[in-house]
Amino acid sequence: MYSSFEELHDVCMNCKNCPLASTRNHVVFGVGNPNAEVMFIGEGPGENEDLQGEPFVGRGGKLLDRYLASVDLDRSKNIYIGNMVKCRPPKNRDPLPEEVAQCEGYLREQIRLIEPKIIVCLGRIASCYMIDKNFKVTKQHGQWFQKDGIWMMGTFHPAALLRNPASKPDAFSDMLALRDKILEVCPGVYDGIEVLGTPVQP
């Protein structure tokens, strides 16, 4: 266990616990407010993320930012975004179980130190890891689960929405459900923000 977010960050940035360390350009630790009450978790960095050292910065990241903005969330202000593994798996393949096992301590410590009230899992792999190993995004997206005192939801990965735009309305509905849950359990996320009626879908 780490005594501070800064200590965890410094250790993670120099990690060489698994072979992914030898092929990375950057460790992608996470981005956002370390005191956020809402946390988003993806599976791992892609090419753009590996080059820039920040999660969700490619085309999918821009789409995610539009969805976030539609419900008054911003990665630089009132949320935190992290990944299951902090280094890019080669050719954007799924992270291997042993890679997840080596990296999961960092994610668990991020969650412990941030203390989010809500976690949104982006995509099948993160949802299966965090919520239920048999989670089906197409059937269970937008549903709420409570684990260890944290409300969790699985939704579509932004890259999947780019491949299958027909799922975008469902993803938008999930964002509206997220906004409602925030207003229910941690309305301070919106301090200083006027939350209006139903926003326009990105």
# chains A, B, ... in the order shown; residues from 1 in each chain; ligands from 1

call {"tool": "residues_around", "arguments": {"residues": "Val31 in chain A", "least_positions_apart": "4", "cutoff": "9 Å", "atoms": "only C-alpha atoms", "output": "list in words"}}
result
Glu54, Pro55, Arg75, Ser76, Ile79, Tyr80, Ile81 and Gly82 of chain A

call {"tool": "residues_around", "arguments": {"residues": "His157 in chain A", "least_positions_apart": "5", "cutoff": "8 Å", "atoms": "only C-alpha atoms", "output": "VMD selection string"}}
result
chain A and resid 42 122 to 124

call {"tool": "write_last_selection", "arguments": {"atoms": "N, CA and C atoms", "output": "PDB file, in the first residue's frame"}}
result
ATOM      1  N   GLY A  42     -10.610   1.810 -18.400  1.00  0.00           N
ATOM      2  CA  GLY A  42     -10.529   1.088 -19.665  1.00  0.00           C
ATOM      3  C   GLY A  42      -9.611  -0.118 -19.524  1.00  0.00           C
ATOM      4  N   LEU A 122     -15.230   0.948 -19.219  1.00  0.00           N
ATOM      5  CA  LEU A 122     -15.327   1.194 -20.651  1.00  0.00           C
ATOM      6  C   LEU A 122     -14.951  -0.069 -21.421  1.00  0.00           C
ATOM      7  N   GLY A 123     -15.957  -0.776 -21.912  1.00  0.00           N
ATOM      8  CA  GLY A 123     -15.714  -1.956 -22.716  1.00  0.00           C
ATOM      9  C   GLY A 123     -15.846  -3.267 -21.970  1.00  0.00           C
ATOM     10  N   ARG A 124     -15.844  -4.346 -22.746  1.00  0.00           N
ATOM     11  CA  ARG A 124     -16.070  -5.693 -22.208  1.00  0.00           C
ATOM     12  C   ARG A 124     -14.997  -6.119 -21.215  1.00  0.00           C
TER      13      ARG A 124
END

call {"tool": "residues_around", "arguments": {"residues": "Arg66 in chain A", "least_positions_apart": "5", "cutoff": "9 Å", "atoms": "only C-alpha atoms", "output": "mmCIF file with N, CA and C atoms, in the first residue's frame"}}
result
data_model
loop_
_atom_site.group_PDB
_atom_site.id
_atom_site.type_symbol
_atom_site.label_atom_id
_atom_site.label_comp_id
_atom_site.auth_asym_id
_atom_site.auth_seq_id
_atom_site.Cartn_x
_atom_site.Cartn_y
_atom_site.Cartn_z
ATOM 1 N N GLY A 61 -10.826 8.619 -27.915
ATOM 2 C CA GLY A 61 -10.747 9.545 -26.796
ATOM 3 C C GLY A 61 -11.510 10.833 -27.053
ATOM 4 N N GLN A 201 -27.257 14.410 -28.057
ATOM 5 C CA GLN A 201 -26.308 13.295 -28.216
ATOM 6 C C GLN A 201 -25.102 13.744 -29.038
ATOM 7 N N PRO A 202 -23.879 13.377 -28.607
ATOM 8 C CA PRO A 202 -22.679 13.732 -29.372
ATOM 9 C C PRO A 202 -22.704 13.128 -30.774
#

call {"tool": "select_by_dssp", "arguments": {"residues": "range 3-162 of chain A", "states": "helix (DSSP H, G or I)", "output": "PyMOL selection string"}}
result
chain A and resi 5-13+19-22+47-52+59-70+90-92+97-114+124-130+137-140+158-162

call {"tool": "closest_residue", "arguments": {"among": "A:Cys18, A:Pro187, A:Val195, A:Ile41", "to": "Gln110 in chain A", "atoms": "only C-alpha atoms"}}
result
A:Ile41
